[in-house]
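Engineer: Following this line is entry-v7.txt, made up of compact mmCIF, C-alpha atoms:
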```
# COMPACT_ATOMS: atom_id res chain seq x y z
CA MET F 1 -51.96 2.36 -18.07
CA ASN F 2 -54.33 4.16 -20.41
CA LEU F 3 -54.01 7.75 -21.64
CA ALA F 4 -56.70 9.17 -19.35
CA ASN F 5 -54.98 7.83 -16.24
CA LYS F 6 -51.63 9.17 -17.42
CA ILE F 7 -53.17 12.63 -17.78
CA THR F 8 -54.60 12.37 -14.27
CA ILE F 9 -51.17 11.44 -12.88
CA VAL F 10 -49.65 14.42 -14.70
CA ARG F 11 -52.23 16.62 -12.96
CA ILE F 12 -51.23 15.21 -9.58
CA CYS F 13 -47.59 15.90 -10.43
CA MET F 14 -48.49 19.53 -11.15
CA VAL F 15 -49.64 20.09 -7.58
CA PRO F 16 -46.13 20.32 -6.04
CA PHE F 17 -45.15 22.90 -8.66
CA PHE F 18 -48.26 24.95 -7.87
CA ILE F 19 -47.40 24.76 -4.16
CA LEU F 20 -43.78 25.72 -4.85
CA PHE F 21 -44.69 28.83 -6.85
CA MET F 22 -47.29 29.89 -4.26
CA GLU F 23 -44.81 29.34 -1.44
CA ILE F 24 -42.12 31.47 -3.07
CA GLY F 25 -44.67 34.16 -3.90
CA GLY F 26 -44.17 37.39 -5.79
CA PHE F 27 -45.58 38.54 -9.09
CA TYR F 28 -43.78 36.19 -11.45
CA ASN F 29 -44.22 33.10 -9.30
CA SER F 30 -47.92 33.86 -8.87
CA VAL F 31 -48.25 34.05 -12.65
CA LEU F 32 -46.54 30.68 -12.94
CA ALA F 33 -48.81 29.26 -10.24
CA LEU F 34 -51.84 30.46 -12.20
CA VAL F 35 -50.50 28.90 -15.40
CA VAL F 36 -49.95 25.59 -13.62
CA PHE F 37 -53.42 25.71 -12.08
CA CYS F 38 -55.10 26.47 -15.40
CA ALA F 39 -53.15 23.71 -17.13
CA ALA F 40 -54.12 21.25 -14.41
CA SER F 41 -57.76 22.33 -14.67
CA ILE F 42 -57.70 21.69 -18.41
CA THR F 43 -56.34 18.18 -17.84
CA ASP F 44 -59.23 17.65 -15.42
CA MET F 45 -61.63 18.08 -18.31
CA LEU F 46 -59.52 16.10 -20.73
CA ASP F 47 -58.97 12.90 -18.78
CA GLY F 48 -62.67 12.29 -18.16
CA GLN F 49 -63.62 13.01 -21.76
CA ILE F 50 -60.89 10.75 -23.09
CA ALA F 51 -61.82 7.93 -20.72
CA ARG F 52 -65.48 8.08 -21.71
CA ARG F 53 -64.78 8.49 -25.43
CA ASN F 54 -62.33 5.59 -25.53
CA LYS F 55 -64.38 3.56 -23.05
CA THR F 56 -61.35 3.23 -20.80
CA VAL F 57 -62.91 4.20 -17.48
CA THR F 58 -61.01 2.18 -14.87
CA PRO F 59 -61.12 1.79 -11.08
CA LEU F 60 -57.70 3.46 -10.94
CA GLY F 61 -59.00 6.47 -12.84
CA ILE F 62 -62.11 6.69 -10.67
CA PHE F 63 -59.82 6.64 -7.62
CA LEU F 64 -57.16 9.08 -8.86
CA ASP F 65 -59.32 11.73 -10.54
CA PRO F 66 -61.05 13.08 -7.41
CA ILE F 67 -57.78 12.88 -5.46
CA ALA F 68 -56.08 15.06 -8.07
CA ASP F 69 -58.92 17.59 -7.84
CA LYS F 70 -58.89 17.63 -4.04
CA LEU F 71 -55.11 18.11 -3.83
CA LEU F 72 -55.04 21.00 -6.28
CA ILE F 73 -58.12 22.85 -5.05
CA SER F 74 -57.35 22.33 -1.35
CA ALA F 75 -53.79 23.57 -1.82
CA ALA F 76 -55.01 26.74 -3.50
CA PHE F 77 -57.60 27.61 -0.87
CA ILE F 78 -55.23 26.85 2.01
CA TYR F 79 -52.70 29.28 0.55
CA PHE F 80 -55.40 31.91 0.06
CA VAL F 81 -56.22 31.86 3.78
CA ASP F 82 -52.60 32.74 4.48
CA ILE F 83 -52.83 35.88 2.31
CA PRO F 84 -54.71 38.49 4.41
CA MET F 85 -55.33 40.91 1.55
CA LEU F 86 -57.59 38.34 -0.14
CA GLY F 87 -59.97 38.27 2.81
CA ILE F 88 -60.77 34.56 2.51
CA ALA F 89 -61.64 33.22 5.96
CA ALA F 90 -60.42 29.91 7.33
CA TRP F 91 -63.98 28.71 8.02
CA MET F 92 -64.74 28.85 4.30
CA VAL F 93 -61.84 26.59 3.47
CA ILE F 94 -62.68 24.27 6.35
CA ILE F 95 -66.16 23.77 4.87
CA ILE F 96 -64.73 23.12 1.40
CA ILE F 97 -62.21 20.56 2.65
CA ALA F 98 -64.61 18.98 5.17
CA ARG F 99 -67.06 18.29 2.36
CA GLU F 100 -64.36 16.39 0.51
CA PHE F 101 -63.56 14.26 3.57
CA ILE F 102 -67.24 13.50 4.12
CA ILE F 103 -67.91 12.49 0.52
CA THR F 104 -64.69 10.46 0.41
CA GLY F 105 -65.91 8.63 3.50
CA LEU F 106 -69.27 8.09 1.83
CA ARG F 107 -67.55 6.64 -1.21
CA SER F 108 -65.51 4.34 1.03
CA ILE F 109 -68.69 3.01 2.63
CA ALA F 110 -70.18 2.57 -0.83
CA ALA F 111 -67.11 0.69 -2.05
CA VAL F 112 -67.36 -1.76 0.84
CA ARG F 113 -70.93 -2.45 -0.25
CA ASN F 114 -70.00 -2.71 -3.93
CA VAL F 115 -71.77 0.52 -4.79
CA MET F 116 -70.13 3.05 -7.09
CA ILE F 117 -70.88 6.72 -6.51
CA PRO F 118 -70.24 8.61 -9.75
CA ALA F 119 -69.83 12.35 -9.95
CA ASP F 120 -73.19 14.03 -10.45
CA LYS F 121 -74.12 17.48 -11.72
CA SER F 122 -73.97 19.06 -8.27
CA GLY F 123 -70.43 17.77 -7.81
CA LYS F 124 -69.39 19.04 -11.22
CA PHE F 125 -70.89 22.48 -10.56
CA LYS F 126 -69.13 22.51 -7.20
CA THR F 127 -65.78 21.77 -8.78
CA LEU F 128 -66.36 24.28 -11.58
CA SER F 129 -67.32 27.01 -9.11
CA GLN F 130 -64.20 26.36 -7.05
CA ILE F 131 -61.96 26.42 -10.12
CA ILE F 132 -63.48 29.72 -11.28
CA VAL F 133 -63.08 31.25 -7.81
CA ILE F 134 -59.45 30.16 -7.61
CA ILE F 135 -58.64 31.57 -11.05
CA VAL F 136 -60.39 34.88 -10.28
CA THR F 137 -58.64 35.10 -6.91
CA MET F 138 -55.28 34.31 -8.48
CA VAL F 139 -55.79 37.06 -11.05
CA ILE F 140 -56.59 39.54 -8.26
CA LEU F 141 -53.56 38.36 -6.30
CA ILE F 142 -51.39 38.88 -9.37
CA ALA F 143 -52.88 42.36 -9.79
CA TYR F 144 -51.98 43.21 -6.19
CA GLU F 145 -48.47 41.94 -6.69
CA ALA F 146 -48.14 43.80 -9.99
CA PHE F 147 -48.96 47.05 -8.21
CA PHE F 148 -46.28 46.26 -5.65
CA GLU F 149 -43.72 44.99 -8.17
CA PHE F 150 -44.04 47.77 -10.73
CA VAL F 151 -45.59 50.71 -8.85
CA GLY F 152 -44.43 50.07 -5.31
CA LEU F 153 -47.91 50.14 -3.78
CA THR F 154 -48.70 47.67 -1.01
CA PRO F 155 -52.28 46.38 -0.52
CA ASP F 156 -52.72 48.81 2.39
CA ALA F 157 -51.47 51.68 0.26
CA LEU F 158 -53.83 50.65 -2.52
CA ARG F 159 -56.80 51.11 -0.20
CA LEU F 160 -55.72 54.70 0.41
CA TYR F 161 -54.70 55.42 -3.16
CA ASP F 162 -56.92 57.79 -5.16
CA PHE F 163 -57.95 55.66 -8.12
CA GLY F 164 -60.37 58.29 -9.39
CA SER F 165 -62.50 56.62 -12.04
CA TYR F 166 -60.89 53.29 -11.13
CA ALA F 167 -62.20 53.32 -7.55
CA THR F 168 -64.72 50.62 -8.45
CA LEU F 169 -61.89 48.41 -9.65
CA SER F 170 -60.14 48.83 -6.32
CA LEU F 171 -63.32 47.87 -4.46
CA ILE F 172 -63.81 44.80 -6.64
CA MET F 173 -60.25 43.69 -6.02
CA GLU F 174 -60.80 43.99 -2.29
CA LYS F 175 -64.20 42.30 -2.04
CA MET F 176 -64.34 39.83 -4.92
CA PRO F 177 -62.30 36.95 -3.40
CA PHE F 178 -64.46 36.87 -0.27
CA TRP F 179 -67.83 36.92 -2.02
CA ALA F 180 -66.73 34.60 -4.81
CA THR F 181 -65.60 32.09 -2.20
CA ILE F 182 -68.95 32.44 -0.44
CA VAL F 183 -70.62 31.34 -3.68
CA ALA F 184 -68.24 28.38 -3.96
CA VAL F 185 -68.98 27.43 -0.35
CA MET F 186 -72.72 27.46 -1.10
CA PHE F 187 -72.22 25.13 -4.08
CA THR F 188 -69.99 22.96 -1.88
CA ILE F 189 -72.59 22.65 0.86
CA TYR F 190 -75.36 21.95 -1.64
CA SER F 191 -73.31 19.28 -3.36
CA GLY F 192 -72.38 17.60 -0.08
CA VAL F 193 -75.96 17.55 1.19
CA ASN F 194 -77.16 16.28 -2.18
CA TYR F 195 -74.75 13.32 -2.10
CA ILE F 196 -75.63 12.45 1.50
CA LEU F 197 -79.36 12.53 0.85
CA LYS F 198 -79.05 10.58 -2.38
CA TYR F 199 -77.01 7.80 -0.76
CA ARG F 200 -78.30 8.01 2.81
CA LYS F 201 -79.29 4.34 2.74
CA LEU F 202 -75.59 3.49 2.87
CA PHE F 203 -75.53 4.69 6.48
CA SER F 204 -78.09 2.13 7.59
CA GLU F 205 -76.86 -1.18 8.94
CA ASN F 206 -78.70 -3.09 6.25
CA GLY F 207 -77.35 -0.81 3.52
```
Let me see whether you can do it: turn the structure in this file into structure tokens.
Structural biologist:
Amino acid sequence: MNLANKITIVRICMVPFFILFMEIGGFYNSVLALVVFCAASITDMLDGQIARRNKTVTPLGIFLDPIADKLLISAAFIYFVDIPMLGIAAWMVIIIIAREFIITGLRSIAAVRNVMIPADKSGKFKTLSQIIVIIVTMVILIAYEAFFEFVGLTPDALRLYDFGSYATLSLIMEKMPFWATIVAVMFTIYSGVNYILKYRKLFSENG
């Protein structure tokens, strides 16, 4: 097994730790979850670069890399839905995950017909937007939990708290996860439609 594939497997192994820290919750565990997510995101950039540089792109790597991305990103968004103070709606996450199922199905059809569907720019922008949204949302979540851990203010209390000159910061914390996820959803939809249109001939009986 080459180095790039080993890095991808390490990223997959990071997912349970991310889930564990998110499940336990609290300030310190959220910080650890963010560290794990950032480390996994870095490996996402590394494995592809190493594979291309060393010319060691393999079918296993092509198979594992998107799975690693889907597991990590889907886990994060699913947990966000379960945290009301973030304001991320279930329908947003459904769209994000549905796109992955659809494109995975498209790739399966392509594989049967000996066609390889590589990641294109729209897919890369989609993944990048989702990673940025998750990191921003995690930072805001950590900020909420820091207020609770060290000041004793719950999210509801924060909304009523007189921030004075920091009122804008409070508003950003409340609204940013929702609108950032909206942007990620737009990139997700665009990417999915782009793939389907580009490879629509695969859906015809004659391929």
Engineer: As a list in words, please: the residues near region 4-7 of chain F (cut-off 8 Å, all atoms listed in the file, same-chain neighbours under 6 positions excluded).
Structural biologist: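 Near neighbours after the sequence-gap exclusion: Thr43, Leu46, Asp47, Gly48, Ile50, Ala51, Thr56, Leu60, Gly61 and Leu64 of chain F.
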Engineer: Using C-alpha atoms, can you export the residues from the last selection as a PDB file, in the coordinates of the input?
Structural biologist:
```pdb
ATOM      1  CA  THR F  43     -56.340  18.180 -17.840  1.00  0.00           C
ATOM      2  CA  LEU F  46     -59.520  16.100 -20.730  1.00  0.00           C
ATOM      3  CA  ASP F  47     -58.970  12.900 -18.780  1.00  0.00           C
ATOM      4  CA  GLY F  48     -62.670  12.290 -18.160  1.00  0.00           C
ATOM      5  CA  ILE F  50     -60.890  10.750 -23.090  1.00  0.00           C
ATOM      6  CA  ALA F  51     -61.820   7.930 -20.720  1.00  0.00           C
ATOM      7  CA  THR F  56     -61.350   3.230 -20.800  1.00  0.00           C
ATOM      8  CA  LEU F  60     -57.700   3.460 -10.940  1.00  0.00           C
ATOM      9  CA  GLY F  61     -59.000   6.470 -12.840  1.00  0.00           C
ATOM     10  CA  LEU F  64     -57.160   9.080  -8.860  1.00  0.00           C
TER      11      LEU F  64
END
```
Engineer: So that I can check the surroundings of Gly105 (chain F), please list as a PyMOL selection string every protein, DNA and RNA residue that reaches within 12 Å of it, counting all atoms listed in the file and ignoring chain neighbours fewer than 6 positions away.
Structural biologist: chain F and resi 98-99+111-112+117+192+195-196+199+202-203
Engineer: With a distance cut-off of 7 Å and only C-alpha atoms, select the neighbouring residues of Ala33 (chain F), excluding the residue or stretch itself and same-chain residues fewer than 6 positions from it, and output the selection as a list in words.
Structural biologist: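 Using only C-alpha atoms, the neighbours found are Phe18, Phe21 and Met22 of chain F.
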Engineer: Find the distance between CA of Phe101 (chain F) and CA of Gln130 (chain F) and write it in Å to one decimal.
Structural biologist: 16.1 Å
Engineer: Given the choices F:Ile62, F:Ile97, F:Met92, F:Ile172, which gets closest to Met116 (chain F) if the distance is worked out from all atoms listed in the file?
Structural biologist: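 Residue with the minimum atom-to-atom distance to Met116 (chain F): F:Ile62.
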Engineer: Report the distance between CA of Ala119 (chain F) and CA of Pro66 (chain F) in Å, rounded to one decimal place.
Structural biologist: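 Calculated distance between CA of Ala119 (chain F) and CA of Pro66 (chain F) is 9.2 Å.
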Engineer: To one decimal place in Å, what is the distance between CA of Phe187 (chain F) and CA of Phe125 (chain F)?
Structural biologist: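 Straight-line distance from CA of Phe187 (chain F) to CA of Phe125 (chain F) works out to 7.1 Å.
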Engineer: Grab all the atoms of region 71-85 of chain F that the file lists, wrap them in a box along x, y and z, add 5 Å per side, and give me centre plus edge lengths in Å (one decimal) as lines of an AutoDock Vina configuration file.
Structural biologist:
```
center_x = -55.4
center_y = 29.5
center_z = -0.9
size_x = 15.5
size_y = 32.8
size_z = 20.8
```
Engineer: Just want the 9 Å neighbourhood of Ala146 (chain F), counted on all atoms listed in the file, with same-chain residues fewer than 4 positions away dropped. Output as a PyMOL selection string.
Structural biologist: chain F and resi 26-28+141-142+150-153
Engineer: Give the answer as one residue: which of F:Asp69, F:Asp44, F:Glu174, F:Glu100 has the shortest atom-to-atom distance to Pro84 (chain F), using all atoms listed in the file?
Structural biologist: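 Selected residue with least distance to Pro84 (chain F): F:Glu174.
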Engineer: Could you check the closest approach to Ser204 (chain F) for each of F:Val36, F:Ile182, F:Leu71, F:Ala110 and tell me which residue wins, using all atoms listed in the file?
Structural biologist: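 Smallest separation from Ser204 (chain F) among the options: F:Ala110.
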